[in-house]
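Shown here: entry-v5.json, JSON, C-alpha atoms.
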```
[["chain", "number", "residue", "atom", "x", "y", "z"],
["A", 1194, "MET", "CA", 4.33, -5.66, 20.16],
["A", 1195, "THR", "CA", 3.00, -5.28, 23.69],
["A", 1196, "THR", "CA", 4.21, -2.54, 25.97],
["A", 1197, "ALA", "CA", 3.12, -1.28, 29.36],
["A", 1198, "LEU", "CA", 1.04, 1.78, 28.53],
["A", 1199, "SER", "CA", -1.58, 3.50, 30.61],
["A", 1200, "PRO", "CA", -5.21, 2.30, 30.40],
["A", 1201, "GLN", "CA", -7.05, 3.38, 27.29],
["A", 1202, "THR", "CA", -9.50, 6.25, 27.41],
["A", 1203, "THR", "CA", -11.59, 7.53, 24.55],
["A", 1204, "ASN", "CA", -10.65, 10.96, 23.19],
["A", 1205, "PRO", "CA", -11.69, 12.60, 19.92],
["A", 1206, "ALA", "CA", -10.09, 10.88, 16.94],
["A", 1207, "PRO", "CA", -6.95, 12.79, 15.89],
["A", 1208, "ALA", "CA", -7.33, 15.38, 13.17],
["A", 1209, "GLY", "CA", -5.04, 15.40, 10.16],
["A", 1210, "ILE", "CA", -5.22, 11.72, 9.17],
["A", 1211, "ARG", "CA", -5.27, 11.69, 5.38],
["A", 1212, "SER", "CA", -5.67, 8.04, 4.48],
["A", 1213, "VAL", "CA", -5.96, 4.51, 5.83],
["A", 1214, "GLU", "CA", -4.17, 1.45, 4.46],
["A", 1215, "LEU", "CA", -6.46, -1.56, 4.41],
["A", 1216, "GLU", "CA", -4.37, -4.72, 4.13],
["A", 1217, "ILE", "CA", -7.26, -6.82, 2.86],
["A", 1218, "THR", "CA", -5.28, -10.05, 2.49],
["A", 1219, "GLY", "CA", -1.91, -11.41, 3.49],
["A", 1220, "ARG", "CA", -1.68, -13.61, 0.40],
["A", 1221, "CYS", "CA", 0.46, -12.71, -2.61],
["A", 1222, "GLN", "CA", 1.62, -14.51, -5.75],
["A", 1223, "LEU", "CA", 5.15, -13.19, -5.17],
["A", 1224, "THR", "CA", 7.69, -13.48, -2.37],
["A", 1225, "CYS", "CA", 9.68, -10.29, -2.87],
["A", 1226, "GLN", "CA", 12.88, -10.44, -0.86],
["A", 1227, "HIS", "CA", 12.27, -7.02, 0.74],
["A", 1228, "CYS", "CA", 8.52, -7.42, 1.45],
["A", 1229, "CYS", "CA", 7.62, -5.45, 4.56],
["A", 1230, "THR", "CA", 4.87, -7.93, 5.54],
["A", 1231, "SER", "CA", 6.49, -11.23, 4.52],
["A", 1232, "SER", "CA", 3.44, -12.00, 2.38],
["A", 1233, "GLY", "CA", 3.36, -14.87, -0.11],
["A", 1234, "PRO", "CA", 1.30, -17.70, -1.60],
["A", 1235, "MET", "CA", 1.15, -19.57, 1.71],
["A", 1236, "ALA", "CA", 0.36, -16.55, 3.89],
["A", 1237, "SER", "CA", -3.04, -16.28, 5.57],
["A", 1238, "ALA", "CA", -5.80, -14.21, 4.00],
["A", 1239, "GLY", "CA", -6.50, -12.97, 7.54],
["A", 1240, "ALA", "CA", -9.30, -13.10, 10.08],
["A", 1241, "MET", "CA", -11.15, -10.01, 8.81],
["A", 1242, "THR", "CA", -14.45, -10.81, 7.07],
["A", 1243, "ARG", "CA", -16.20, -8.92, 4.30],
["A", 1244, "GLN", "CA", -18.54, -7.45, 6.90],
["A", 1245, "ASP", "CA", -15.57, -6.38, 9.04],
["A", 1246, "TRP", "CA", -13.91, -4.57, 6.15],
["A", 1247, "ASN", "CA", -17.14, -2.86, 5.10],
["A", 1248, "GLN", "CA", -17.61, -1.61, 8.66],
["A", 1249, "VAL", "CA", -14.07, -0.24, 8.75],
["A", 1250, "ILE", "CA", -14.61, 1.57, 5.43],
["A", 1251, "THR", "CA", -17.83, 3.07, 6.82],
["A", 1252, "ASP", "CA", -16.03, 4.14, 9.99],
["A", 1253, "ILE", "CA", -13.27, 5.82, 7.95],
["A", 1254, "ALA", "CA", -15.84, 7.89, 6.08],
["A", 1255, "GLU", "CA", -17.69, 8.82, 9.28],
["A", 1256, "LEU", "CA", -14.41, 10.00, 10.82],
["A", 1257, "GLY", "CA", -13.92, 12.39, 7.90],
["A", 1258, "ILE", "CA", -10.73, 10.70, 6.67],
["A", 1259, "PRO", "CA", -10.67, 11.40, 2.92],
["A", 1260, "ALA", "CA", -9.07, 8.33, 1.38],
["A", 1261, "VAL", "CA", -8.41, 4.60, 1.63],
["A", 1262, "GLN", "CA", -5.66, 2.50, 0.09],
["A", 1263, "PHE", "CA", -6.33, -1.19, -0.55],
["A", 1264, "ILE", "CA", -3.10, -3.15, -0.18],
["A", 1265, "GLY", "CA", -1.89, -6.62, 0.80],
["A", 1266, "GLY", "CA", -0.34, -9.00, 0.38],
["A", 1267, "GLU", "CA", -1.78, -8.60, -3.07],
["A", 1268, "PRO", "CA", -5.21, -6.91, -2.93],
["A", 1269, "THR", "CA", -6.36, -8.29, -6.29],
["A", 1270, "LEU", "CA", -6.42, -11.75, -4.64],
["A", 1271, "ALA", "CA", -9.14, -10.58, -2.23],
["A", 1272, "PRO", "CA", -12.43, -11.76, -3.76],
["A", 1273, "TYR", "CA", -14.46, -8.71, -2.68],
["A", 1274, "LEU", "CA", -12.06, -5.97, -3.78],
["A", 1275, "PRO", "CA", -14.51, -4.54, -6.40],
["A", 1276, "GLN", "CA", -17.24, -4.39, -3.75],
["A", 1277, "TYR", "CA", -14.90, -2.67, -1.28],
["A", 1278, "ILE", "CA", -14.01, -0.11, -3.95],
["A", 1279, "ASP", "CA", -17.70, 0.51, -4.69],
["A", 1280, "HIS", "CA", -18.50, 0.89, -0.99],
["A", 1281, "ALA", "CA", -15.66, 3.39, -0.47],
["A", 1282, "LEU", "CA", -16.64, 5.44, -3.53],
["A", 1283, "ASP", "CA", -20.30, 5.45, -2.51],
["A", 1284, "LEU", "CA", -19.23, 6.99, 0.81],
["A", 1285, "GLY", "CA", -17.26, 9.71, -0.98],
["A", 1286, "LEU", "CA", -13.79, 8.34, -0.26],
["A", 1287, "GLY", "CA", -10.85, 8.55, -2.61],
["A", 1288, "VAL", "CA", -9.45, 5.11, -3.44],
["A", 1289, "GLU", "CA", -6.02, 3.84, -4.31],
["A", 1290, "VAL", "CA", -5.21, 0.19, -5.01],
["A", 1291, "TYR", "CA", -1.57, -0.78, -4.54],
["A", 1292, "SER", "CA", -1.07, -3.94, -6.59],
["A", 1293, "ASN", "CA", 1.86, -5.83, -8.07],
["A", 1294, "LEU", "CA", -0.24, -5.88, -11.28],
["A", 1295, "THR", "CA", 0.79, -9.41, -12.18],
["A", 1296, "HIS", "CA", -2.83, -10.46, -12.71],
["A", 1297, "VAL", "CA", -5.87, -8.24, -13.26],
["A", 1298, "ARG", "CA", -9.15, -9.99, -13.93],
["A", 1299, "PRO", "CA", -11.72, -8.16, -16.15],
["A", 1300, "ALA", "CA", -14.01, -7.17, -13.25],
["A", 1301, "LEU", "CA", -11.08, -5.39, -11.63],
["A", 1302, "TRP", "CA", -10.32, -3.29, -14.71],
["A", 1303, "ALA", "CA", -13.93, -2.08, -14.56],
["A", 1304, "ALA", "CA", -13.50, -1.20, -10.88],
["A", 1305, "PHE", "CA", -10.13, 0.50, -11.44],
["A", 1306, "GLY", "CA", -11.67, 2.60, -14.21],
["A", 1307, "ARG", "CA", -14.26, 4.22, -11.95],
["A", 1308, "PRO", "CA", -13.78, 7.95, -11.27],
["A", 1309, "GLY", "CA", -12.05, 8.45, -7.94],
["A", 1310, "VAL", "CA", -9.87, 5.33, -8.21],
["A", 1311, "CYS", "CA", -6.14, 5.35, -8.83],
["A", 1312, "LEU", "CA", -3.52, 2.62, -9.01],
["A", 1313, "ALA", "CA", -0.02, 2.19, -7.65],
["A", 1314, "THR", "CA", 2.50, -0.54, -8.30],
["A", 1315, "SER", "CA", 6.14, -1.48, -7.80],
["A", 1316, "TYR", "CA", 8.76, -1.95, -10.51],
["A", 1317, "TYR", "CA", 12.41, -2.89, -10.14],
["A", 1318, "SER", "CA", 14.29, -3.06, -13.44],
["A", 1319, "ASP", "CA", 14.02, -2.84, -17.19],
["A", 1320, "GLN", "CA", 15.40, -6.38, -17.34],
["A", 1321, "ALA", "CA", 13.13, -9.35, -16.61],
["A", 1322, "ALA", "CA", 15.85, -11.41, -14.92],
["A", 1323, "GLN", "CA", 16.73, -8.66, -12.44],
["A", 1324, "HIS", "CA", 13.09, -7.75, -11.74],
["A", 1325, "GLU", "CA", 12.26, -11.40, -11.09],
["A", 1326, "GLN", "CA", 15.36, -11.91, -8.97],
["A", 1327, "ILE", "CA", 13.69, -9.48, -6.56],
["A", 1328, "THR", "CA", 10.06, -10.66, -6.87],
["A", 1329, "HIS", "CA", 10.86, -14.40, -7.01],
["A", 1330, "GLY", "CA", 8.04, -14.61, -9.54],
["A", 1331, "PRO", "CA", 8.82, -16.10, -12.97],
["A", 1332, "GLY", "CA", 7.02, -14.07, -15.62],
["A", 1333, "SER", "CA", 6.20, -11.23, -13.22],
["A", 1334, "TYR", "CA", 8.17, -8.65, -15.19],
["A", 1335, "LEU", "CA", 6.22, -9.10, -18.43],
["A", 1336, "ARG", "CA", 2.88, -9.31, -16.63],
["A", 1337, "THR", "CA", 3.43, -6.19, -14.55],
["A", 1338, "ARG", "CA", 4.79, -4.28, -17.53],
["A", 1339, "ALA", "CA", 1.84, -5.26, -19.74],
["A", 1340, "ASN", "CA", -0.69, -4.25, -17.09],
["A", 1341, "ILE", "CA", 1.07, -0.93, -16.55],
["A", 1342, "VAL", "CA", 0.62, -0.34, -20.28],
["A", 1343, "GLU", "CA", -3.05, -1.30, -20.02],
["A", 1344, "ALA", "CA", -3.66, 1.04, -17.07],
["A", 1345, "VAL", "CA", -2.08, 3.91, -18.99],
["A", 1346, "ARG", "CA", -4.09, 3.03, -22.12],
["A", 1347, "ARG", "CA", -7.30, 3.14, -20.09],
["A", 1348, "GLY", "CA", -6.37, 6.50, -18.59],
["A", 1349, "ILE", "CA", -6.33, 5.14, -15.03],
["A", 1350, "PRO", "CA", -4.23, 7.38, -12.75],
["A", 1351, "LEU", "CA", -1.09, 5.43, -11.88],
["A", 1352, "ARG", "CA", 2.05, 5.95, -9.84],
["A", 1353, "VAL", "CA", 5.01, 3.60, -9.66],
["A", 1354, "GLY", "CA", 7.50, 3.09, -6.85],
["A", 1355, "ILE", "CA", 10.95, 1.63, -7.40],
["A", 1356, "VAL", "CA", 12.70, 0.15, -4.38],
["A", 1357, "GLU", "CA", 16.47, -0.18, -4.56],
["A", 1358, "VAL", "CA", 17.08, -3.75, -3.44],
["A", 1359, "LEU", "CA", 20.16, -5.02, -5.30],
["A", 1360, "GLU", "CA", 23.62, -3.63, -5.78],
["A", 1361, "GLY", "CA", 23.86, -2.51, -9.38],
["A", 1362, "GLN", "CA", 20.08, -2.55, -9.82],
["A", 1363, "ARG", "CA", 19.00, -0.84, -13.06],
["A", 1364, "VAL", "CA", 16.92, 1.84, -11.34],
["A", 1365, "ASP", "CA", 17.67, 4.65, -13.80],
["A", 1366, "GLN", "CA", 16.90, 2.41, -16.75],
["A", 1367, "ALA", "CA", 13.65, 1.29, -15.13],
["A", 1368, "GLN", "CA", 12.60, 4.92, -14.71],
["A", 1369, "GLU", "CA", 13.41, 5.63, -18.34],
["A", 1370, "GLU", "CA", 11.39, 2.61, -19.45],
["A", 1371, "LEU", "CA", 8.39, 3.62, -17.34],
["A", 1372, "ARG", "CA", 8.44, 7.15, -18.73],
["A", 1373, "GLY", "CA", 8.49, 5.65, -22.20],
["A", 1374, "LEU", "CA", 5.37, 3.67, -21.32],
["A", 1375, "GLY", "CA", 3.57, 6.87, -20.31],
["A", 1376, "VAL", "CA", 3.96, 6.75, -16.53],
["A", 1377, "ARG", "CA", 4.27, 10.26, -15.12],
["A", 1378, "THR", "CA", 4.65, 9.66, -11.38],
["A", 1379, "ILE", "CA", 7.72, 7.59, -10.45],
["A", 1380, "LYS", "CA", 9.49, 7.65, -7.09],
["A", 1381, "VAL", "CA", 12.48, 5.75, -5.74],
["A", 1382, "ASP", "CA", 12.85, 4.47, -2.20],
["A", 1383, "ARG", "CA", 15.31, 2.40, -0.19],
["A", 1384, "VAL", "CA", 14.63, -0.98, 1.39],
["A", 1385, "ARG", "CA", 13.09, -0.68, 4.84],
["A", 1386, "LYS", "CA", 14.40, -3.13, 7.44],
["A", 1387, "VAL", "CA", 11.02, -4.60, 8.30],
["A", 1388, "GLY", "CA", 9.26, -7.82, 7.37],
["A", 1389, "ARG", "CA", 11.36, -10.08, 5.14],
["A", 1390, "ALA", "CA", 14.11, -7.46, 5.01],
["A", 1391, "ALA", "CA", 14.33, -7.05, 8.79],
["A", 1392, "ASP", "CA", 17.68, -7.14, 10.53],
["A", 1393, "PRO", "CA", 17.94, -10.71, 11.91],
["A", 1394, "ALA", "CA", 19.97, -9.39, 14.86],
["A", 1395, "ALA", "CA", 17.21, -7.00, 15.95],
["A", 1396, "SER", "CA", 14.19, -8.15, 17.95],
["A", 1397, "LEU", "CA", 12.08, -5.31, 16.53],
["A", 1398, "PRO", "CA", 12.54, -2.82, 13.67],
["A", 1399, "GLY", "CA", 14.02, 0.54, 14.63],
["A", 1400, "MET", "CA", 12.09, 3.79, 14.59],
["A", 1401, "GLY", "CA", 14.57, 5.03, 11.99],
["A", 1402, "GLU", "CA", 12.75, 2.91, 9.40],
["A", 1403, "LEU", "CA", 9.69, 5.16, 9.78],
["A", 1404, "CYS", "CA", 9.29, 8.52, 8.04],
["A", 1405, "GLY", "CA", 7.20, 10.00, 10.86],
["A", 1406, "ASN", "CA", 3.93, 10.32, 8.97],
["A", 1407, "CYS", "CA", 2.49, 7.14, 10.46],
["A", 1408, "PHE", "CA", 0.05, 7.65, 13.34],
["A", 1409, "ARG", "CA", 0.02, 11.41, 12.67],
["A", 1410, "TYR", "CA", -1.33, 11.36, 9.11],
["A", 1411, "ARG", "CA", -1.70, 7.68, 8.37],
["A", 1412, "VAL", "CA", -3.45, 4.60, 9.75],
["A", 1413, "SER", "CA", -3.10, 0.93, 8.77],
["A", 1414, "VAL", "CA", -5.32, -2.09, 9.42],
["A", 1415, "ASN", "CA", -3.78, -5.53, 8.86],
["A", 1416, "PRO", "CA", -5.60, -8.70, 7.68],
["A", 1417, "ASP", "CA", -6.38, -9.71, 11.28],
["A", 1418, "GLY", "CA", -7.73, -6.29, 12.21],
["A", 1419, "GLN", "CA", -4.73, -4.94, 14.10],
["A", 1420, "VAL", "CA", -4.36, -1.17, 13.83],
["A", 1421, "SER", "CA", -1.03, 0.63, 13.55],
["A", 1422, "GLY", "CA", 0.33, 3.80, 12.01],
["A", 1423, "CYS", "CA", 1.30, 2.29, 8.67],
["A", 1424, "ILE", "CA", 2.31, -0.99, 7.10],
["A", 1425, "LEU", "CA", 5.92, -0.37, 8.16],
["A", 1426, "SER", "CA", 4.96, 0.17, 11.79],
["A", 1427, "ARG", "CA", 2.97, -3.04, 12.27],
["A", 1428, "PHE", "CA", 5.15, -3.79, 15.30],
["A", 1429, "LEU", "CA", 3.42, -0.86, 17.08],
["A", 1430, "VAL", "CA", -0.14, -2.12, 17.61],
["A", 1431, "ALA", "CA", -2.75, 0.27, 18.96],
["A", 1432, "GLY", "CA", -5.77, -2.03, 18.97],
["A", 1433, "ASN", "CA", -7.95, -4.30, 16.86],
["A", 1434, "VAL", "CA", -11.04, -3.27, 14.89],
["A", 1435, "ARG", "CA", -12.58, -6.69, 15.52],
["A", 1436, "GLU", "CA", -12.65, -5.78, 19.21],
["A", 1437, "GLN", "CA", -13.11, -1.99, 19.21],
["A", 1438, "PRO", "CA", -14.46, 0.57, 16.71],
["A", 1439, "LEU", "CA", -11.79, 2.40, 14.78],
["A", 1440, "ALA", "CA", -12.84, 5.72, 16.35],
["A", 1441, "VAL", "CA", -12.19, 4.34, 19.84],
["A", 1442, "ILE", "CA", -8.72, 3.10, 18.86],
["A", 1443, "LEU", "CA", -7.74, 6.40, 17.23],
["A", 1444, "GLY", "CA", -9.03, 8.32, 20.22],
["A", 1445, "SER", "CA", -7.24, 6.20, 22.81],
["A", 1446, "ASP", "CA", -4.33, 7.12, 25.05],
["A", 1447, "ARG", "CA", -2.37, 4.26, 23.51],
["A", 1448, "TRP", "CA", -2.71, 5.78, 20.04],
["A", 1449, "GLN", "CA", -1.44, 9.11, 21.35],
["A", 1450, "GLN", "CA", 1.46, 7.47, 23.17],
["A", 1451, "LEU", "CA", 2.51, 5.56, 20.07],
["A", 1452, "THR", "CA", 2.25, 8.77, 18.04],
["A", 1453, "ASP", "CA", 4.51, 10.53, 20.52],
["A", 1454, "ALA", "CA", 7.01, 7.65, 20.37],
["A", 1455, "VAL", "CA", 7.52, 7.98, 16.58],
["A", 1456, "PRO", "CA", 10.05, 10.67, 15.56],
["A", 1457, "LEU", "CA", 8.55, 13.74, 13.93],
["A", 1458, "PRO", "CA", 8.24, 13.66, 10.13],
["A", 1459, "ARG", "CA", 11.27, 14.58, 8.10],
["A", 1460, "ALA", "CA", 11.02, 16.66, 4.94],
["A", 1461, "ALA", "CA", 11.33, 13.41, 2.98],
["A", 1462, "CYS", "CA", 12.60, 9.92, 3.51],
["A", 1463, "THR", "CA", 16.08, 9.15, 2.20],
["A", 1464, "PRO", "CA", 16.22, 8.77, -0.73],
["A", 1465, "ASP", "CA", 13.04, 10.29, -2.18],
["A", 1466, "ASP", "CA", 10.13, 8.42, -0.63],
["A", 1467, "SER", "CA", 7.87, 6.44, -2.92],
["A", 1468, "GLY", "CA", 4.81, 8.27, -1.61],
["A", 1469, "ASP", "CA", 3.23, 5.21, 0.00],
["A", 1470, "CYS", "CA", 2.72, 7.09, 3.25],
["A", 1471, "ASP", "CA", 0.43, 9.68, 1.69],
["A", 1472, "PRO", "CA", -1.48, 8.50, -1.38],
["A", 1473, "ALA", "CA", -4.18, 11.10, -0.72],
["A", 1474, "SER", "CA", -1.69, 13.84, -1.57],
["A", 1475, "THR", "CA", 0.15, 12.29, -4.50],
["A", 1476, "GLU", "CA", -0.28, 13.67, -8.00],
["A", 1477, "ALA", "CA", -1.59, 10.35, -9.33],
["A", 1478, "CYS", "CA", -4.50, 10.41, -6.87],
["A", 1479, "ASP", "CA", -5.52, 13.96, -7.69],
["A", 1480, "PRO", "CA", -8.85, 13.91, -9.60],
["A", 1481, "ALA", "CA", -7.40, 16.45, -12.02],
["A", 1482, "TYR", "CA", -4.52, 14.15, -12.84],
["A", 1483, "GLY", "CA", -4.59, 12.77, -16.37],
["A", 1484, "MET", "CA", -2.39, 10.77, -18.65],
["A", 1485, "ALA", "CA", -2.01, 10.71, -22.39],
["A", 1486, "PRO", "CA", -2.79, 7.31, -23.94],
["A", 1487, "ALA", "CA", 0.21, 5.15, -24.66],
["A", 1488, "PRO", "CA", 0.62, 2.70, -27.52],
["A", 1489, "VAL", "CA", -1.14, -0.59, -26.87],
["A", 1490, "LEU", "CA", 1.52, -3.24, -26.37],
["A", 1491, "GLY", "CA", -0.82, -5.96, -25.19],
["A", 1492, "VAL", "CA", -2.09, -6.92, -21.73],
["A", 1493, "ILE", "CA", -1.59, -10.14, -19.86],
["A", 1494, "ALA", "CA", -4.62, -10.65, -17.62]]
```
Kindly transcribe the structure held in the file into structure tokens.
Amino acid sequence: MTTALSPQTTNPAPAGIRSVELEITGRCQLTCQHCCTSSGPMASAGAMTRQDWNQVITDIAELGIPAVQFIGGEPTLAPYLPQYIDHALDLGLGVEVYSNLTHVRPALWAAFGRPGVCLATSYYSDQAAQHEQITHGPGSYLRTRANIVEAVRRGIPLRVGIVEVLEGQRVDQAQEELRGLGVRTIKVDRVRKVGRAADPAASLPGMGELCGNCFRYRVSVNPDGQVSGCILSRFLVAGNVREQPLAVILGSDRWQQLTDAVPLPRAACTPDDSGDCDPASTEACDPAYGMAPAPVLGVIA
């Protein structure tokens, strides 16, 4: 999105930002019908290089922002995800990886098991057919379920978001199943009309799709380096980290003007938000958070 805003000036980076979403690839094995980025197997990995991402992670730490969230697309498809996790942890950042958990290679389990790392994933139904109707990924239900079990078995902090996509979707049953697998943090959210779920009659998503935390408490960097308030507000671009340091973008007049344009945060999104906007403050990302081991039902890697 391009709008006529006043020339940028550099101001101190805004205080209060709790975490930054790093969309380290646009590729994904799935093509979920409600995906807010329209990611998929044919999507671009993005223009950001390993060096670019490492610099952004360093900048986040230097700005005093406490946490990063690695997302996509599907972040486990990014070849340097373990190295990004290590770099963030070495700088004292909290780390969350938001993955569909359909495929976790052994090196990633080692990375996910490091202190300071937590996982998040999406789940849609206790029935494979309904889950896969949403993900468009044959076999994705069993793979995600098995890797949820493995994360719980390993004691990796995990939270799960359920998005209500279909009429009659078995949301309550999915929550019951997840609790039975040992998942303690489960939230339900509605479909946001952005990305693949956008209203075809609208040229841009409406501000009503945003909870108000973006820009004020949240930052997002997409696979090409564009900076916005969150993954849902990618249509409000403040700058590009391949052209300007993150501190300059966050301290610019444009950033402030975009912040002012987004409605103030509500007490919670409707229905209960899945917590994606604030992983730094969710129970699953608290270092004191712990989970009891669940029975081993097998993992599909």
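Nearest to Val1342 (chain A) of all the residues A:Gly1233, A:Pro1308, A:Gly1375, A:Gly1444 is A:Gly1375, counting all atoms listed in the file.
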Can you tell me which residues surround Gly1285 (chain A) at a distance of at most 12 Å, considering all atoms listed in the file, apart from same-chain residues fewer than 5 positions away, and format the answer as a PDB file with C-alpha atoms, in the frame of the given file?
```pdb
ATOM      1  CA  ILE A1250     -14.610   1.570   5.430  1.00  0.00           C
ATOM      2  CA  THR A1251     -17.830   3.070   6.820  1.00  0.00           C
ATOM      3  CA  ILE A1253     -13.270   5.820   7.950  1.00  0.00           C
ATOM      4  CA  ALA A1254     -15.840   7.890   6.080  1.00  0.00           C
ATOM      5  CA  GLU A1255     -17.690   8.820   9.280  1.00  0.00           C
ATOM      6  CA  GLY A1257     -13.920  12.390   7.900  1.00  0.00           C
ATOM      7  CA  ILE A1258     -10.730  10.700   6.670  1.00  0.00           C
ATOM      8  CA  PRO A1259     -10.670  11.400   2.920  1.00  0.00           C
ATOM      9  CA  ALA A1260      -9.070   8.330   1.380  1.00  0.00           C
ATOM     10  CA  VAL A1261      -8.410   4.600   1.630  1.00  0.00           C
ATOM     11  CA  ILE A1278     -14.010  -0.110  -3.950  1.00  0.00           C
ATOM     12  CA  ASP A1279     -17.700   0.510  -4.690  1.00  0.00           C
ATOM     13  CA  HIS A1280     -18.500   0.890  -0.990  1.00  0.00           C
ATOM     14  CA  PRO A1308     -13.780   7.950 -11.270  1.00  0.00           C
ATOM     15  CA  GLY A1309     -12.050   8.450  -7.940  1.00  0.00           C
ATOM     16  CA  VAL A1310      -9.870   5.330  -8.210  1.00  0.00           C
TER      17      VAL A1310
END
```
With a distance cut-off of 8 Å and all atoms listed in the file, select the neighbouring residues of Val1356 (chain A), excluding the residue or stretch itself and same-chain residues fewer than 3 positions from it, and output the selection as a VMD selection string. chain A and resid 1315 to 1317 1381 to 1384
To one decimal in Å, tell me the separation between CA of Thr1224 (chain A) and CA of His1296 (chain A). 15.1 Å
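With distances restricted to all atoms listed in the file, A:Gln1323 is the closest residue to Gln1366 (chain A) from A:Gln1323, A:Glu1267, A:Glu1343, A:Gly1287.
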Between A:Arg1411, A:Arg1385, A:His1227, A:Arg1346, which is the closest to Ile1210 (chain A) once you count only C-alpha atoms?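 Looking only at the distances to Ile1210 (chain A), the closest residue turns out to be A:Arg1411.
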Point-to-point distance in Å for CA of Lys1380 (chain A) and CA of Leu1312 (chain A):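 Taking CA of Leu1312 (chain A) and CA of Lys1380 (chain A), their separation equals 14.1 Å.
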Just checking: using only C-alpha atoms, which residue out of A:Gln1449, A:Asp1319, A:Trp1246, A:Gly1330 ends up closest to Pro1234 (chain A)? A:Gly1330
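Between CA of Gln1437 (chain A) and CA of Ile1264 (chain A) there is a distance of 21.9 Å.
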Between A:Gln1362, A:Leu1223, A:Tyr1273, A:Trp1448, which one has atoms that come closest to Thr1295 (chain A), using only C-alpha atoms?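 Among the listed residues, the smallest separation from Thr1295 (chain A) belongs to A:Leu1223.
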Selecting all heavy atoms, how would region 1229-1234 of chain A from this structure be written as a short mmCIF file (atom, residue, chain, number, x, y, z; two decimals), in the first residue's frame?
```
data_model
loop_
_atom_site.label_atom_id
_atom_site.label_comp_id
_atom_site.auth_asym_id
_atom_site.auth_seq_id
_atom_site.Cartn_x
_atom_site.Cartn_y
_atom_site.Cartn_z
N CYS A 1229 -3.62 -15.91 5.77
CA CYS A 1229 -3.57 -14.45 5.71
C CYS A 1229 -2.46 -13.94 4.81
O CYS A 1229 -2.41 -12.74 4.50
CB CYS A 1229 -3.42 -13.86 7.11
SG CYS A 1229 -1.96 -14.41 8.01
N THR A 1230 -1.56 -14.83 4.34
CA THR A 1230 -0.50 -14.40 3.43
C THR A 1230 -0.58 -15.06 2.06
O THR A 1230 0.27 -14.81 1.21
CB THR A 1230 0.88 -14.70 4.03
OG1 THR A 1230 1.07 -16.13 4.11
CG2 THR A 1230 1.03 -14.10 5.41
N SER A 1231 -1.55 -15.92 1.84
CA SER A 1231 -1.68 -16.66 0.58
C SER A 1231 -0.42 -17.46 0.27
O SER A 1231 -0.02 -17.61 -0.88
CB SER A 1231 -1.99 -15.69 -0.58
OG SER A 1231 -3.20 -15.01 -0.36
N SER A 1232 0.21 -18.00 1.29
CA SER A 1232 1.41 -18.82 1.10
C SER A 1232 1.04 -20.18 0.52
O SER A 1232 -0.11 -20.61 0.55
CB SER A 1232 2.16 -18.98 2.42
OG SER A 1232 1.37 -19.68 3.36
N GLY A 1233 2.05 -20.90 0.00
CA GLY A 1233 1.82 -22.21 -0.57
C GLY A 1233 3.09 -22.76 -1.18
O GLY A 1233 4.15 -22.12 -1.16
N PRO A 1234 3.03 -23.96 -1.77
CA PRO A 1234 4.22 -24.59 -2.33
C PRO A 1234 4.89 -23.79 -3.44
O PRO A 1234 6.10 -23.90 -3.65
CB PRO A 1234 3.69 -25.94 -2.86
CG PRO A 1234 2.46 -26.20 -2.08
CD PRO A 1234 1.85 -24.85 -1.82
#
```
